[in-house]
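*Asks:* Just one file: work-v1.csv, with CSV, C-alpha atoms.
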```csv
chain,number,residue,atom,x,y,z
U,1,MET,CA,0.0,0.0,0.0
U,2,LEU,CA,1.0,3.6,-0.7
U,3,PHE,CA,0.1,6.6,1.4
U,4,LYS,CA,0.5,10.3,0.4
U,5,TYR,CA,0.6,13.1,3.0
U,6,GLU,CA,1.1,16.8,3.0
U,7,VAL,CA,3.6,18.6,5.2
U,8,GLU,CA,3.6,22.4,5.7
U,9,THR,CA,6.8,24.1,6.6
U,10,ASP,CA,7.1,27.6,8.0
U,11,LYS,CA,10.8,28.7,7.4
U,12,ARG,CA,13.4,28.3,4.7
U,13,GLU,CA,15.1,25.6,6.7
U,14,ALA,CA,13.1,23.4,9.1
U,15,PHE,CA,13.0,19.9,10.5
U,16,VAL,CA,9.4,18.7,10.9
U,17,ASN,CA,8.7,15.6,13.0
U,18,ILE,CA,6.6,13.3,10.8
U,19,ASP,CA,6.3,10.3,13.2
U,20,SER,CA,2.5,10.8,13.4
U,21,LEU,CA,2.2,10.4,9.6
U,22,VAL,CA,4.2,7.2,9.7
U,23,GLN,CA,2.1,5.8,12.5
U,24,LYS,CA,-1.1,6.9,10.6
U,25,ALA,CA,0.0,4.9,7.6
U,26,LEU,CA,0.8,1.9,9.8
U,27,ASP,CA,-2.5,2.1,11.6
U,28,GLU,CA,-4.4,2.3,8.3
U,29,CYS,CA,-2.7,-0.7,6.6
U,30,LYS,CA,-2.4,-2.7,9.8
U,31,LEU,CA,1.1,-3.8,8.9
U,32,GLN,CA,2.6,-6.1,11.6
U,33,PHE,CA,6.0,-7.0,10.1
U,34,GLY,CA,7.9,-5.4,7.2
U,35,ILE,CA,9.6,-2.3,6.1
U,36,ILE,CA,8.4,1.1,5.0
U,37,THR,CA,10.0,3.6,2.7
U,38,VAL,CA,9.4,7.2,3.5
U,39,PHE,CA,10.1,9.3,0.3
U,40,THR,CA,9.8,13.0,-0.6
U,41,PRO,CA,9.4,14.0,-4.2
U,42,HIS,CA,11.3,17.3,-3.8
U,43,THR,CA,14.8,18.2,-4.9
U,44,THR,CA,15.3,20.8,-2.1
U,45,ALA,CA,14.2,18.7,0.8
U,46,GLY,CA,15.0,15.4,2.4
U,47,ILE,CA,14.0,12.7,4.9
U,48,THR,CA,16.2,12.0,7.9
U,49,ILE,CA,16.2,10.4,11.4
U,50,ASN,CA,17.5,12.3,14.4
U,51,GLU,CA,16.9,13.2,18.0
U,52,ASN,CA,13.4,14.2,19.2
U,53,ALA,CA,14.1,15.0,22.9
U,54,ASP,CA,16.0,18.3,22.9
U,55,PRO,CA,14.7,20.7,20.3
U,56,ASP,CA,18.2,22.3,20.2
U,57,VAL,CA,19.5,19.3,18.2
U,58,VAL,CA,17.5,20.1,15.1
U,59,LYS,CA,18.2,23.8,15.5
U,60,ASP,CA,21.9,23.0,15.6
U,61,LEU,CA,21.5,20.8,12.5
U,62,VAL,CA,19.9,23.7,10.6
U,63,TYR,CA,22.6,26.1,11.8
U,64,GLY,CA,25.5,23.7,11.1
U,65,MET,CA,24.2,22.8,7.6
U,66,ASN,CA,23.7,26.5,6.7
U,67,VAL,CA,27.3,27.3,7.7
U,68,THR,CA,28.8,24.1,6.1
U,69,PHE,CA,26.8,24.1,2.9
U,70,ASP,CA,26.5,27.9,2.3
U,71,ASN,CA,25.0,29.4,-0.8
U,72,LYS,CA,28.2,30.1,-2.7
U,73,LYS,CA,28.5,33.1,-5.0
U,74,GLU,CA,30.1,30.8,-7.7
U,75,TYR,CA,26.9,28.8,-8.0
U,76,GLN,CA,25.3,29.3,-11.5
U,77,HIS,CA,21.7,28.0,-11.0
U,78,ALA,CA,19.3,30.8,-11.6
U,79,GLU,CA,16.9,30.0,-8.8
U,80,GLU,CA,19.7,30.8,-6.3
U,81,ASN,CA,19.0,27.7,-4.2
U,82,SER,CA,21.9,25.4,-5.0
U,83,ASP,CA,22.7,25.2,-1.3
U,84,SER,CA,19.2,23.6,-0.9
U,85,HIS,CA,19.9,21.1,-3.6
U,86,MET,CA,23.2,20.2,-2.0
U,87,LYS,CA,21.6,19.6,1.4
U,88,SER,CA,18.9,17.5,-0.3
U,89,THR,CA,21.4,15.2,-2.0
U,90,LEU,CA,23.5,14.8,1.2
U,91,VAL,CA,20.5,14.1,3.5
U,92,GLY,CA,18.7,12.0,0.9
U,93,ALA,CA,15.2,11.8,-0.4
U,94,SER,CA,14.2,8.7,1.6
U,95,GLU,CA,14.6,6.6,4.7
U,96,THR,CA,13.8,2.9,5.1
U,97,LEU,CA,12.3,1.9,8.5
U,98,ILE,CA,11.8,-1.5,10.0
U,99,VAL,CA,8.3,-2.5,11.4
U,100,GLU,CA,7.9,-5.2,14.0
U,101,ASN,CA,4.7,-6.1,15.8
U,102,GLY,CA,3.0,-3.1,14.3
U,103,LYS,CA,5.5,-0.5,15.4
U,104,VAL,CA,8.5,1.2,13.8
U,105,ILE,CA,11.8,0.1,15.4
U,106,TYR,CA,13.2,3.4,16.7
U,107,GLY,CA,15.9,4.0,19.3
U,108,THR,CA,14.9,5.9,22.5
U,109,TRP,CA,15.6,9.3,20.9
U,110,GLN,CA,14.8,8.7,17.3
U,111,SER,CA,12.1,10.3,15.2
U,112,THR,CA,11.7,10.7,11.4
U,113,TYR,CA,11.9,14.2,10.1
U,114,PHE,CA,10.9,16.0,6.9
U,115,ALA,CA,13.9,18.3,6.3
U,116,GLU,CA,12.9,21.5,4.5
U,117,PHE,CA,15.8,23.3,2.8
U,118,ASP,CA,13.9,25.8,0.6
U,119,GLY,CA,10.6,26.7,2.4
U,120,PRO,CA,8.2,27.8,3.6
U,121,ARG,CA,6.1,25.6,1.3
U,122,LYS,CA,3.5,22.9,1.1
U,123,ARG,CA,5.4,19.6,0.6
U,124,THR,CA,4.5,16.0,-0.1
U,125,VAL,CA,5.6,12.8,1.7
U,126,TYR,CA,5.0,9.2,0.3
U,127,ILE,CA,5.0,6.2,2.6
U,128,LYS,CA,5.2,2.8,0.9
U,129,VAL,CA,4.5,-0.3,3.0
U,130,ILE,CA,6.2,-3.7,2.3
U,131,LYS,CA,5.0,-6.7,4.2
U,132,ALA,CA,7.7,-9.2,5.0
J,133,MET,CA,14.6,-9.7,-10.3
J,134,LEU,CA,18.0,-8.1,-10.5
J,135,PHE,CA,19.4,-6.0,-13.4
J,136,LYS,CA,23.0,-5.0,-14.0
J,137,TYR,CA,23.9,-2.1,-16.2
J,138,GLU,CA,27.1,-0.2,-17.2
J,139,VAL,CA,27.5,3.5,-16.9
J,140,GLU,CA,30.4,5.4,-18.5
J,141,THR,CA,31.7,8.6,-17.0
J,142,ASP,CA,33.8,11.2,-18.7
J,143,LYS,CA,35.2,13.4,-15.9
J,144,ARG,CA,36.6,13.0,-12.4
J,145,GLU,CA,33.3,14.2,-11.0
J,146,ALA,CA,30.1,13.9,-12.9
J,147,PHE,CA,26.3,13.4,-12.3
J,148,VAL,CA,24.9,11.0,-15.0
J,149,ASN,CA,21.2,10.8,-15.3
J,150,ILE,CA,20.2,7.0,-15.2
J,151,ASP,CA,16.4,7.3,-15.4
J,152,SER,CA,16.5,5.4,-18.7
J,153,LEU,CA,18.2,2.4,-17.0
J,154,VAL,CA,15.6,2.4,-14.2
J,155,GLN,CA,12.8,2.5,-16.7
J,156,LYS,CA,14.5,-0.2,-18.8
J,157,ALA,CA,14.5,-2.5,-15.7
J,158,LEU,CA,10.8,-1.7,-15.0
J,159,ASP,CA,9.8,-2.4,-18.6
J,160,GLU,CA,11.6,-5.7,-18.7
J,161,CYS,CA,10.2,-7.0,-15.4
J,162,LYS,CA,6.8,-5.4,-15.9
J,163,LEU,CA,6.6,-4.4,-12.2
J,164,GLN,CA,3.4,-2.6,-11.5
J,165,PHE,CA,3.6,-2.0,-7.7
J,166,GLY,CA,6.6,-2.2,-5.4
J,167,ILE,CA,10.0,-0.7,-4.6
J,168,ILE,CA,13.3,-0.8,-6.4
J,169,THR,CA,16.8,-0.5,-4.9
J,170,VAL,CA,19.4,1.2,-7.2
J,171,PHE,CA,22.8,0.3,-5.9
J,172,THR,CA,26.4,1.0,-7.1
J,173,PRO,CA,29.2,-1.4,-6.1
J,174,HIS,CA,31.9,1.3,-6.0
J,175,THR,CA,33.4,3.1,-3.0
J,176,THR,CA,34.2,6.4,-4.9
J,177,ALA,CA,30.7,6.9,-6.4
J,178,GLY,CA,27.1,7.1,-5.2
J,179,ILE,CA,23.5,7.1,-6.2
J,180,THR,CA,21.4,10.3,-5.6
J,181,ILE,CA,18.2,12.0,-6.7
J,182,ASN,CA,18.2,15.6,-7.7
J,183,GLU,CA,17.0,18.2,-10.3
J,184,ASN,CA,16.9,17.3,-14.0
J,185,ALA,CA,15.6,20.7,-15.4
J,186,ASP,CA,18.5,23.1,-15.2
J,187,PRO,CA,21.8,21.5,-15.9
J,188,ASP,CA,23.5,24.1,-13.7
J,189,VAL,CA,22.1,22.3,-10.6
J,190,VAL,CA,24.3,19.3,-11.0
J,191,LYS,CA,27.3,21.5,-12.0
J,192,ASP,CA,26.8,23.4,-8.8
J,193,LEU,CA,26.6,20.2,-6.8
J,194,VAL,CA,30.0,19.1,-8.3
J,195,TYR,CA,31.5,22.5,-7.6
J,196,GLY,CA,30.1,22.7,-4.0
J,197,MET,CA,31.1,19.2,-3.1
J,198,ASN,CA,34.7,19.7,-4.4
J,199,VAL,CA,35.0,22.9,-2.3
J,200,THR,CA,33.4,21.5,0.8
J,201,PHE,CA,35.0,18.0,0.7
J,202,ASP,CA,38.4,18.9,-0.7
J,203,ASN,CA,41.3,16.5,-0.9
J,204,LYS,CA,43.1,17.4,2.3
J,205,LYS,CA,46.9,17.2,2.5
J,206,GLU,CA,46.6,15.4,5.8
J,207,TYR,CA,44.9,12.4,4.1
J,208,GLN,CA,47.0,9.2,4.3
J,209,HIS,CA,45.4,6.9,1.8
J,210,ALA,CA,48.0,6.2,-0.9
J,211,GLU,CA,45.6,6.4,-3.9
J,212,GLU,CA,45.1,10.1,-3.1
J,213,ASN,CA,41.3,9.9,-3.6
J,214,SER,CA,40.1,10.1,0.0
J,215,ASP,CA,37.9,13.0,-1.0
J,216,SER,CA,36.1,10.6,-3.4
J,217,HIS,CA,35.5,8.1,-0.6
J,218,MET,CA,34.2,10.9,1.6
J,219,LYS,CA,31.7,12.0,-1.0
J,220,SER,CA,30.6,8.4,-1.6
J,221,THR,CA,29.8,7.8,2.1
J,222,LEU,CA,27.9,11.1,2.3
J,223,VAL,CA,25.9,10.7,-0.9
J,224,GLY,CA,25.4,6.9,-0.3
J,225,ALA,CA,25.7,3.8,-2.4
J,226,SER,CA,22.0,3.4,-3.1
J,227,GLU,CA,18.5,4.9,-3.4
J,228,THR,CA,15.2,3.2,-2.8
J,229,LEU,CA,12.4,4.3,-5.2
J,230,ILE,CA,8.7,3.6,-5.1
J,231,VAL,CA,6.9,2.1,-8.1
J,232,GLU,CA,3.1,2.7,-8.7
J,233,ASN,CA,1.2,1.6,-11.8
J,234,GLY,CA,4.4,0.7,-13.5
J,235,LYS,CA,6.1,4.1,-13.0
J,236,VAL,CA,8.6,5.4,-10.5
J,237,ILE,CA,7.1,8.0,-8.2
J,238,TYR,CA,9.2,11.1,-8.9
J,239,GLY,CA,8.5,14.8,-8.2
J,240,THR,CA,8.3,17.1,-11.2
J,241,TRP,CA,12.0,17.8,-11.2
J,242,GLN,CA,13.4,14.6,-9.9
J,243,SER,CA,15.7,12.2,-11.7
J,244,THR,CA,18.1,9.5,-10.4
J,245,TYR,CA,21.8,10.1,-10.9
J,246,PHE,CA,24.9,8.0,-10.8
J,247,ALA,CA,27.3,10.3,-9.0
J,248,GLU,CA,30.9,9.8,-10.1
J,249,PHE,CA,33.6,11.1,-7.8
J,250,ASP,CA,36.8,9.4,-9.2
J,251,GLY,CA,36.3,9.0,-12.9
J,252,PRO,CA,36.4,8.9,-15.8
J,253,ARG,CA,35.7,5.2,-15.6
J,254,LYS,CA,33.3,2.4,-16.6
J,255,ARG,CA,31.0,1.8,-13.7
J,256,THR,CA,28.3,-0.6,-12.7
J,257,VAL,CA,24.7,-0.1,-11.4
J,258,TYR,CA,22.5,-2.8,-10.0
J,259,ILE,CA,18.7,-2.5,-9.9
J,260,LYS,CA,16.8,-4.9,-7.6
J,261,VAL,CA,13.0,-5.1,-8.0
J,262,ILE,CA,10.7,-5.9,-5.0
J,263,LYS,CA,7.0,-6.5,-5.8
J,264,ALA,CA,4.7,-5.3,-3.1
S,265,MET,CA,13.0,-12.1,9.8
S,266,LEU,CA,14.7,-9.6,12.1
S,267,PHE,CA,18.1,-9.9,13.7
S,268,LYS,CA,19.6,-7.7,16.5
S,269,TYR,CA,23.3,-7.5,17.2
S,270,GLU,CA,25.6,-5.6,19.5
S,271,VAL,CA,28.6,-3.6,18.3
S,272,GLU,CA,31.2,-2.2,20.7
S,273,THR,CA,33.2,0.9,19.7
S,274,ASP,CA,36.5,2.0,21.3
S,275,LYS,CA,36.8,5.7,20.3
S,276,ARG,CA,34.6,8.8,20.0
S,277,GLU,CA,34.7,8.3,16.2
S,278,ALA,CA,35.3,4.8,14.6
S,279,PHE,CA,34.2,2.9,11.5
S,280,VAL,CA,33.6,-0.8,12.5
S,281,ASN,CA,33.3,-3.4,9.8
S,282,ILE,CA,30.1,-5.3,10.3
S,283,ASP,CA,30.2,-7.7,7.3
S,284,SER,CA,30.4,-10.7,9.7
S,285,LEU,CA,27.1,-9.6,11.3
S,286,VAL,CA,25.4,-9.3,8.0
S,287,GLN,CA,26.7,-12.7,6.8
S,288,LYS,CA,25.6,-14.2,10.2
S,289,ALA,CA,22.0,-13.0,9.6
S,290,LEU,CA,22.1,-14.3,6.0
S,291,ASP,CA,23.4,-17.7,7.2
S,292,GLU,CA,20.8,-18.0,9.9
S,293,CYS,CA,17.8,-17.1,7.7
S,294,LYS,CA,19.1,-18.9,4.6
S,295,LEU,CA,18.0,-16.0,2.4
S,296,GLN,CA,18.9,-16.7,-1.3
S,297,PHE,CA,17.4,-13.7,-3.1
S,298,GLY,CA,16.1,-10.4,-1.7
S,299,ILE,CA,17.2,-7.2,0.1
S,300,ILE,CA,18.3,-6.5,3.6
S,301,THR,CA,18.0,-3.3,5.6
S,302,VAL,CA,20.8,-2.6,8.1
S,303,PHE,CA,19.6,-0.1,10.6
S,304,THR,CA,21.1,1.5,13.7
S,305,PRO,CA,18.7,3.0,16.4
S,306,HIS,CA,21.1,5.7,17.5
S,307,THR,CA,21.1,9.4,16.6
S,308,THR,CA,24.9,9.9,16.9
S,309,ALA,CA,25.9,7.0,14.7
S,310,GLY,CA,25.2,5.7,11.2
S,311,ILE,CA,25.6,2.8,8.7
S,312,THR,CA,27.7,3.3,5.6
S,313,ILE,CA,29.5,1.3,2.9
S,314,ASN,CA,33.1,2.1,2.0
S,315,GLU,CA,36.5,0.6,1.3
S,316,ASN,CA,37.9,-2.3,3.3
S,317,ALA,CA,41.3,-2.8,1.7
S,318,ASP,CA,43.4,0.1,3.0
S,319,PRO,CA,42.6,1.0,6.6
S,320,ASP,CA,43.8,4.5,5.9
S,321,VAL,CA,40.5,5.2,4.0
S,322,VAL,CA,38.3,5.0,7.1
S,323,LYS,CA,40.9,6.9,9.1
S,324,ASP,CA,40.8,9.6,6.5
S,325,LEU,CA,37.0,9.6,6.6
S,326,VAL,CA,37.1,10.1,10.4
S,327,TYR,CA,39.6,12.9,10.0
S,328,GLY,CA,37.8,14.6,7.1
S,329,MET,CA,34.4,14.5,8.8
S,330,ASN,CA,35.8,15.9,12.1
S,331,VAL,CA,37.3,18.9,10.2
S,332,THR,CA,34.3,19.4,7.9
S,333,PHE,CA,31.6,18.9,10.6
S,334,ASP,CA,33.4,20.4,13.6
S,335,ASN,CA,31.7,20.9,17.0
S,336,LYS,CA,30.8,24.6,16.6
S,337,LYS,CA,30.8,27.0,19.6
S,338,GLU,CA,27.4,28.3,18.4
S,339,TYR,CA,25.7,24.9,18.9
S,340,GLN,CA,23.1,25.1,21.8
S,341,HIS,CA,22.5,21.4,22.5
S,342,ALA,CA,23.5,20.8,26.2
S,343,GLU,CA,25.2,17.4,25.5
S,344,GLU,CA,27.8,19.1,23.3
S,345,ASN,CA,27.6,16.5,20.7
S,346,SER,CA,25.7,18.3,17.9
S,347,ASP,CA,28.6,17.5,15.5
S,348,SER,CA,27.8,13.8,16.2
S,349,HIS,CA,24.1,14.3,15.3
S,350,MET,CA,25.1,16.2,12.1
S,351,LYS,CA,27.4,13.3,11.0
S,352,SER,CA,24.6,10.8,11.8
S,353,THR,CA,22.0,12.7,9.6
S,354,LEU,CA,24.5,13.0,6.7
S,355,VAL,CA,25.7,9.4,6.8
S,356,GLY,CA,22.3,8.0,7.5
S,357,ALA,CA,20.8,5.5,9.9
S,358,SER,CA,20.6,2.6,7.4
S,359,GLU,CA,21.8,1.0,4.2
S,360,THR,CA,19.8,-1.3,1.9
S,361,LEU,CA,21.8,-4.2,0.4
S,362,ILE,CA,20.9,-6.6,-2.4
S,363,VAL,CA,21.3,-10.4,-1.8
S,364,GLU,CA,21.7,-12.8,-4.8
S,365,ASN,CA,22.4,-16.5,-4.4
S,366,GLY,CA,22.8,-16.2,-0.7
S,367,LYS,CA,25.5,-13.5,-0.8
S,368,VAL,CA,25.4,-9.7,-0.5
S,369,ILE,CA,26.3,-8.0,-3.8
S,370,TYR,CA,29.4,-6.0,-2.9
S,371,GLY,CA,32.0,-4.4,-5.1
S,372,THR,CA,35.5,-5.7,-4.8
S,373,TRP,CA,36.4,-3.2,-2.1
S,374,GLN,CA,33.1,-2.6,-0.4
S,375,SER,CA,32.2,-3.5,3.2
S,376,THR,CA,29.4,-2.3,5.5
S,377,TYR,CA,30.5,-0.2,8.4
S,378,PHE,CA,28.9,0.9,11.7
S,379,ALA,CA,30.0,4.5,11.9
S,380,GLU,CA,30.4,5.7,15.5
S,381,PHE,CA,30.3,9.4,16.1
S,382,ASP,CA,29.9,9.7,19.9
S,383,GLY,CA,31.7,6.6,21.4
S,384,PRO,CA,33.1,4.6,22.9
S,385,ARG,CA,29.8,2.8,23.6
S,386,LYS,CA,27.9,-0.4,23.3
S,387,ARG,CA,25.7,0.0,20.2
S,388,THR,CA,22.9,-1.9,18.5
S,389,VAL,CA,22.4,-2.9,14.8
S,390,TYR,CA,19.2,-4.4,13.4
S,391,ILE,CA,19.2,-6.4,10.2
S,392,LYS,CA,15.8,-7.0,8.5
S,393,VAL,CA,15.5,-9.5,5.7
S,394,ILE,CA,13.1,-9.2,2.8
S,395,LYS,CA,12.7,-12.2,0.5
S,396,ALA,CA,12.1,-11.2,-3.2
```
Let me see the file written as structure tokens.
*Replies:*
Amino acid sequence: MLFKYEVETDKREAFVNIDSLVQKALDECKLQFGIITVFTPHTTAGITINENADPDVVKDLVYGMNVTFDNKKEYQHAEENSDSHMKSTLVGASETLIVENGKVIYGTWQSTYFAEFDGPRKRTVYIKVIKA
Amino acid sequence: MLFKYEVETDKREAFVNIDSLVQKALDECKLQFGIITVFTPHTTAGITINENADPDVVKDLVYGMNVTFDNKKEYQHAEENSDSHMKSTLVGASETLIVENGKVIYGTWQSTYFAEFDGPRKRTVYIKVIKA
Amino acid sequence: MLFKYEVETDKREAFVNIDSLVQKALDECKLQFGIITVFTPHTTAGITINENADPDVVKDLVYGMNVTFDNKKEYQHAEENSDSHMKSTLVGASETLIVENGKVIYGTWQSTYFAEFDGPRKRTVYIKVIKA
């Protein structure tokens, strides 16, 4: 089964926790054992897993990525968002998660995030469920 | 089913659009619904998804990655391509794509790229198809 | 089937070859054809594929990542390991591997590594097997 959800972002760069969307898909399809692929169809965004306990972690990720992957004056792309494309390729457009007994296997501090690198925008996330 | 294709690169760093290889695999196996894993068996290359509309985007990615992940004089590896290994680990050796009604789910601007970081060379790409 | 293994790391940053764990899972479940997802439930570690021949490669990766993704004084996270979270998000929490005739498809120099970015610690790796 395939699920399609909308995510709204409110800044140019933002990490939006999408655990509730993942759980919604699992609840609807009643998957007990398998994997799920969380995929975003945008070239200036990504899907990643990181800490959900201290909100400073994702703030530091945004800050660190902006400094490390700055928008260089040598970039030629007319939309002036080549830094966003760079972050997208490095973070990656998808994550694959393991499902056991109806729940995603996460570590204590892990959540899945939609990583926005060229917002604010309305964005899309696909969740594909594989029984196994 | 598993497909094996060859990709030829013409520079040290290059992003080669491999959408036609992905579609070739889909056409041959007639997959309607599922996922596919696109994997490269090289440690100085990667697979990534990014923009296919303006060719300046992948040029900027090559430029930005060369500046950010430069070949440092402190590197010890005798082949002098540790920067290529770094880019490979950060971009990643594979991408997982979702297939629905016989087509890969892509955003408007997305394509799959073989990312060469130590060419020019003849390279290999595997495509594994999972029905689901 | 799902397998859970422990990995012990001996430095703050280390790349630990986990090919033997992957093969152990394959031997136990006798998978002939399919994919496996190797996943780590930690937010300051990752899973990656890189060279196993010259040990200087992974040393250079550790060095290069520490210089490129340094622990910035502007970071706010109280545990003072935001650099580790950054590396985790960029390397990624999982890798998907292809299995054919009971063996992982690797290139000549490829191995799968547990990438530690905030050790030394006892860490966990999950391996999920998908027959296909």
*Asks:* What is the CA of Tyr269 (chain S) to CA of Ala289 (chain S) distance in Å?
*Replies:* 9.5 Å
*Asks:* At most 8 Å is the cut-off: for each residue in chain S with any atom that close to an atom of chain J, write down the nearest atom pair and the distance in Å rounded to one decimal, counting only C-alpha atoms, chain first then increasing number, as a tab-separated table.
*Replies:*
```
residue	atom	partner	partner_atom	distance
S:Gly298	CA	J:Ile262	CA	7.8
S:Thr312	CA	J:Thr221	CA	6.1
S:Ile313	CA	J:Thr221	CA	6.6
S:Asn314	CA	J:Thr175	CA	5.1
S:Glu315	CA	J:Thr175	CA	5.9
S:Asp318	CA	J:His209	CA	7.2
S:Asp320	CA	J:His209	CA	5.0
S:Val321	CA	J:His209	CA	5.6
S:Asp324	CA	J:Tyr207	CA	5.5
S:Leu325	CA	J:Met218	CA	5.9
S:Tyr327	CA	J:Tyr207	CA	7.9
S:Gly328	CA	J:Met218	CA	7.5
S:Thr332	CA	J:Phe201	CA	7.4
S:Leu354	CA	J:Leu222	CA	5.9
S:Val355	CA	J:Leu222	CA	5.3
S:Glu359	CA	J:Ser226	CA	7.7
S:Thr360	CA	J:Ser226	CA	7.2
S:Leu361	CA	J:Phe171	CA	7.8
S:Ile362	CA	J:Lys260	CA	6.8
S:Ile369	CA	J:Pro173	CA	7.6
S:Tyr370	CA	J:Pro173	CA	5.6
S:Gly371	CA	J:Pro173	CA	4.2
S:Thr372	CA	J:Pro173	CA	7.7
S:Trp373	CA	J:Thr175	CA	7.0
S:Gln374	CA	J:Thr175	CA	6.3
S:Ala396	CA	J:Ile262	CA	5.8
```
*Asks:* Can you spit out the residues from that selection as a compact mmCIF listing (two decimals), in the frame of the given file, using C-alpha atoms?
*Replies:*
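Done, and the output landed in again24.txt:
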```txt
# COMPACT_ATOMS: atom_id res chain seq x y z
CA GLY S 298 16.10 -10.40 -1.70
CA THR S 312 27.70 3.30 5.60
CA ILE S 313 29.50 1.30 2.90
CA ASN S 314 33.10 2.10 2.00
CA GLU S 315 36.50 0.60 1.30
CA ASP S 318 43.40 0.10 3.00
CA ASP S 320 43.80 4.50 5.90
CA VAL S 321 40.50 5.20 4.00
CA ASP S 324 40.80 9.60 6.50
CA LEU S 325 37.00 9.60 6.60
CA TYR S 327 39.60 12.90 10.00
CA GLY S 328 37.80 14.60 7.10
CA THR S 332 34.30 19.40 7.90
CA LEU S 354 24.50 13.00 6.70
CA VAL S 355 25.70 9.40 6.80
CA GLU S 359 21.80 1.00 4.20
CA THR S 360 19.80 -1.30 1.90
CA LEU S 361 21.80 -4.20 0.40
CA ILE S 362 20.90 -6.60 -2.40
CA ILE S 369 26.30 -8.00 -3.80
CA TYR S 370 29.40 -6.00 -2.90
CA GLY S 371 32.00 -4.40 -5.10
CA THR S 372 35.50 -5.70 -4.80
CA TRP S 373 36.40 -3.20 -2.10
CA GLN S 374 33.10 -2.60 -0.40
CA ALA S 396 12.10 -11.20 -3.20
```
*Asks:* Can you tell me how far CA of Asp27 (chain U) sits from CA of Lys4 (chain U), in Å to one decimal?
*Replies:*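 Between these atoms lies a distance of 14.2 Å.
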*Asks:* For the atom pair CA of Tyr245 (chain J) and CA of Phe114 (chain U), what is the interatomic distance in Å to one decimal place?
*Replies:*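 We find that CA of Tyr245 (chain J) and CA of Phe114 (chain U) lie 21.7 Å from each other.
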*Asks:* Write out as a PyMOL selection string each polymer residue whose atoms come within 8 Å of Lys122 (chain U), counting all atoms listed in the file; drop sequence neighbours fewer than 4 positions from it.
*Replies:* chain U and resi 6-9
*Asks:* Looking at only C-alpha atoms, which of J:Gln164, J:Ser216, J:Thr244, J:Asn233 is the one that sits closest to Asn184 (chain J)?
*Replies:*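 Counting only C-alpha atoms, the residue closest to Asn184 (chain J) is J:Thr244.
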